[in-house]
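Engineer: File follows, input_9.txt with compact mmCIF, C-alpha atoms:
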```
# COMPACT_ATOMS: atom_id res chain seq x y z
CA ALA A 126 -65.90 -50.79 -28.75
CA ILE A 127 -62.99 -49.72 -30.95
CA VAL A 128 -63.48 -46.08 -29.98
CA ASN A 129 -63.53 -47.04 -26.33
CA ALA A 130 -60.24 -49.01 -26.67
CA ASP A 131 -58.63 -46.08 -28.51
CA CYS A 132 -59.72 -43.72 -25.73
CA ILE A 133 -58.27 -46.04 -23.09
CA GLN A 134 -55.02 -46.37 -25.06
CA HIS A 135 -54.84 -42.57 -25.41
CA ASP A 136 -55.48 -42.16 -21.66
CA LEU A 137 -52.69 -44.65 -20.86
CA VAL A 138 -50.24 -42.74 -23.06
CA GLY A 139 -51.24 -39.55 -21.26
CA LEU A 140 -50.75 -41.22 -17.87
CA SER A 141 -47.27 -42.45 -18.80
CA GLY A 142 -46.40 -38.90 -19.82
CA PHE A 143 -47.78 -37.70 -16.51
CA ALA A 144 -45.69 -40.30 -14.65
CA ALA A 145 -42.55 -39.17 -16.49
CA ALA A 146 -43.36 -35.57 -15.60
CA GLY A 147 -43.89 -36.63 -11.97
CA GLU A 148 -40.43 -38.24 -11.90
CA GLU A 149 -38.95 -35.09 -13.38
CA VAL A 150 -40.67 -33.00 -10.71
CA LYS A 151 -39.31 -35.32 -8.00
CA SER A 152 -35.83 -35.01 -9.50
CA ILE A 153 -36.04 -31.22 -9.67
CA LYS A 154 -37.43 -31.09 -6.13
CA PHE A 155 -34.52 -33.23 -4.88
CA LEU A 156 -31.97 -31.01 -6.62
CA LEU A 157 -33.61 -27.87 -5.26
CA GLU A 158 -33.56 -29.26 -1.72
CA LYS A 159 -29.92 -30.29 -2.16
CA THR A 160 -28.99 -26.85 -3.49
CA VAL A 161 -30.66 -25.14 -0.54
CA SER A 162 -29.01 -27.57 1.88
CA ASP A 163 -25.60 -27.01 0.27
CA ARG A 164 -26.00 -23.24 0.45
CA VAL A 165 -27.02 -23.39 4.12
CA THR A 166 -24.03 -25.61 4.88
CA LEU A 167 -21.72 -23.28 2.97
CA SER A 168 -23.14 -20.29 4.84
CA ILE A 169 -22.53 -21.98 8.20
CA TYR A 170 -18.98 -22.93 7.19
CA ARG A 171 -18.33 -19.45 5.84
CA GLN A 172 -19.52 -17.79 9.09
CA SER A 173 -17.34 -20.11 11.12
CA TYR A 174 -14.40 -19.53 8.77
CA GLU A 175 -14.76 -15.75 8.94
CA SER A 176 -14.99 -15.92 12.73
CA LYS A 177 -11.79 -17.99 12.84
CA ILE A 178 -10.04 -15.54 10.49
CA VAL A 179 -10.94 -12.66 12.83
CA GLU A 180 -9.76 -14.66 15.84
CA HIS A 181 -6.53 -15.49 13.98
CA GLY A 182 -5.90 -11.80 13.30
CA LYS A 183 -6.53 -10.86 16.93
CA LEU A 184 -4.19 -13.59 18.14
CA MET A 185 -1.47 -12.40 15.76
CA GLN A 186 -1.88 -8.85 17.10
CA SER A 187 -1.74 -10.12 20.69
CA ILE A 188 1.40 -12.13 19.96
CA ALA A 189 3.06 -9.10 18.39
CA LYS A 190 2.12 -6.98 21.41
CA GLU A 191 3.47 -9.58 23.86
CA VAL A 192 6.69 -9.98 21.86
CA ARG A 193 7.23 -6.19 21.93
CA LYS A 194 6.61 -6.23 25.68
CA LEU A 195 9.01 -9.17 26.06
CA LYS A 196 11.76 -7.41 24.11
CA LYS A 197 11.25 -4.27 26.21
CA ARG A 198 11.52 -6.32 29.43
CA LYS A 199 14.68 -8.05 28.21
CA ARG A 200 16.30 -4.71 27.35
CA ALA A 201 15.29 -3.37 30.77
CA TYR A 202 16.70 -6.50 32.43
CA GLN A 203 20.11 -5.94 30.88
CA SER A 204 20.34 -2.42 32.29
CA LEU A 205 19.10 -3.03 35.88
CA ASP A 206 20.82 -3.93 39.15
CA GLN A 207 20.44 -7.24 41.04
CA HIS A 208 17.24 -6.47 43.02
CA ASP A 209 15.31 -4.93 40.14
CA SER A 210 16.46 -7.69 37.80
CA GLU A 211 14.57 -10.34 39.84
CA VAL A 212 11.31 -8.49 39.31
CA THR A 213 12.08 -8.13 35.63
CA LEU A 214 12.96 -11.84 35.27
CA ALA A 215 9.51 -12.72 36.61
CA GLU A 216 7.96 -10.29 34.11
CA ILE A 217 10.04 -11.79 31.29
CA LYS A 218 8.93 -15.29 32.24
CA GLU A 219 5.31 -14.11 32.38
CA CYS A 220 5.58 -12.58 28.90
CA GLU A 221 7.20 -15.74 27.52
CA GLU A 222 4.38 -17.86 28.94
CA ALA A 223 1.80 -15.49 27.49
CA VAL A 224 3.45 -15.75 24.06
CA GLN A 225 3.47 -19.56 24.30
CA ASP A 226 -0.21 -19.62 25.29
CA LEU A 227 -1.09 -17.34 22.39
CA GLN A 228 0.93 -19.48 19.97
CA LEU A 229 -0.93 -22.58 21.12
CA LYS A 230 -4.28 -20.84 20.59
CA LEU A 231 -3.07 -19.70 17.18
CA GLU A 232 -2.17 -23.27 16.21
CA LEU A 233 -5.63 -24.45 17.26
CA VAL A 234 -7.32 -21.74 15.20
CA GLU A 235 -5.12 -22.57 12.19
CA ASN A 236 -6.07 -26.24 12.60
CA ASP A 237 -9.77 -25.26 12.66
CA LEU A 238 -9.26 -23.20 9.49
CA ASP A 239 -7.54 -26.14 7.78
CA GLN A 240 -10.40 -28.45 8.75
CA LEU A 241 -12.99 -26.00 7.40
CA ARG A 242 -11.04 -25.72 4.12
CA ALA A 243 -10.88 -29.53 3.90
CA LYS A 244 -14.64 -29.91 4.52
CA CYS A 245 -15.61 -27.12 2.18
CA PRO A 246 -12.87 -25.99 -0.24
CA SER A 247 -15.08 -23.21 -1.60
CA VAL A 248 -15.27 -21.55 1.84
CA GLU A 249 -12.53 -19.15 0.71
CA ASP A 250 -14.27 -18.32 -2.58
CA SER A 251 -16.33 -15.20 -2.90
CA GLU A 252 -19.95 -15.74 -1.93
CA GLU A 253 -21.18 -15.38 -5.51
CA ASP A 254 -18.58 -17.83 -6.87
CA ALA A 255 -19.51 -20.38 -4.20
CA LYS A 256 -23.23 -20.04 -4.95
CA GLU A 257 -22.60 -20.46 -8.68
CA ASN A 258 -20.48 -23.57 -8.01
CA ILE A 259 -23.27 -25.15 -5.94
CA ILE A 260 -25.90 -24.39 -8.57
CA HIS A 261 -23.64 -25.62 -11.38
CA GLU A 262 -22.75 -28.86 -9.56
CA ASN A 263 -26.39 -29.63 -8.81
CA ALA A 264 -27.60 -28.64 -12.29
CA SER A 265 -25.01 -30.89 -13.94
CA ALA A 266 -26.44 -33.79 -11.96
CA LEU A 267 -29.79 -33.14 -13.62
CA LYS A 268 -28.38 -33.71 -17.12
```
Please, can you express the file's structure as structure tokens?
Structural biologist:
Amino acid sequence: AIVNADCIQHDLVGLSGFAAAGEEVKSIKFLLEKTVSDRVTLSIYRQSYESKIVEHGKLMQSIAKEVRKLKKRKRAYQSLDQHDSEVTLAEIKECEEAVQDLQLKLELVENDLDQLRAKCPSVEDSEEDAKENIIHENASALK
């Protein structure tokens, strides 16, 4: 009977070790899932951020183009007679409205970029730095 009790006690110790290992596996599984989720989220934010950066650049180019056109129209307006100047005034007004529209779009894109930076500050980091940060943050939670 003593041998049997010792065997049962030994089995219980083994089971408690197994339970501890099971908790560790659950913890590691959770951290792995969180790491993958964080990397997917970062990837989505990064794609959106890069898209907004491209859009920002295009808007800046469009604004510069419209401003050049506007300056050209204003110079032409100063050197024209009464009849031609009416046509040019309409063109100037059209260019000014185009510049205002582009500036509004630019402000919206800049706001989107600010929001993405606020949600995910590492969106501007290099991809490798961002991945290392995610892994490091999640690994430190394991300790």
Engineer: Figure out the distance between CA of Glu222 (chain A) and CA of Met185 (chain A), please, to one decimal in Å.
Structural biologist: 15.4 Å
Engineer: Go through region 206-249 of chain A and flag each residue having an atom no more than 12 Å from region 189-193 of chain A; for those, report the closest pair of atoms plus their distance in Å to one decimal, using all atoms listed in the file, ordered by chain and rising number, as a Markdown table.
Structural biologist:
```
| residue | atom | partner | partner_atom | distance |
| --- | --- | --- | --- | --- |
| A:Glu216 | CA | A:Glu191 | CA | 11.2 |
| A:Ile217 | CA | A:Glu191 | CA | 10.2 |
| A:Lys218 | CA | A:Glu191 | CA | 11.5 |
| A:Glu219 | CA | A:Glu191 | CA | 9.8 |
| A:Cys220 | CA | A:Glu191 | CA | 6.2 |
| A:Glu221 | CA | A:Glu191 | CA | 8.1 |
| A:Glu222 | CA | A:Glu191 | CA | 9.8 |
| A:Ala223 | CA | A:Glu191 | CA | 7.1 |
| A:Val224 | CA | A:Glu191 | CA | 6.2 |
| A:Gln225 | CA | A:Glu191 | CA | 10.0 |
| A:Asp226 | CA | A:Glu191 | CA | 10.8 |
| A:Leu227 | CA | A:Glu191 | CA | 9.1 |
| A:Gln228 | CA | A:Ala189 | CA | 10.7 |
```
Engineer: I'd like the neighbourhood of Tyr174 (chain A) as a count of residues only, where a residue qualifies if any of its atoms comes within 8 Å (using only C-alpha atoms), though same-chain residues fewer than 5 positions away should be ignored.
Structural biologist: 3
Engineer: Just give me the gap between CA of Tyr170 (chain A) and CA of Leu233 (chain A) in Å, one decimal is fine.
Structural biologist: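 CA of Tyr170 (chain A) sits 16.8 Å away from CA of Leu233 (chain A).
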Engineer: Taking into account all atoms listed in the file, which residue in the set A:Val234, A:Leu205, A:Ile153, A:Ala146 is nearest to Glu175 (chain A)?
Structural biologist: A:Val234
Engineer: What is the distance, in Å and to one decimal place, between CA of Leu184 (chain A) and CA of Leu229 (chain A)?
Structural biologist: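 Separation of CA of Leu184 (chain A) and CA of Leu229 (chain A): 10.0 Å.
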Engineer: Using all atoms listed in the file, can you tell me which of A:Ser152, A:Ser173, A:Glu211, A:Val179 comes closest to Leu231 (chain A)?
Structural biologist: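 Residue with the minimum atom-to-atom distance to Leu231 (chain A): A:Val179.
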Engineer: For Ser210 (chain A), work out the shell of residues within 10 Å, counting all atoms listed in the file and skipping chain neighbours fewer than 6 positions away, then give it as an MDAnalysis selection string.
Structural biologist: chainID A and resid 198:199 201:204 216
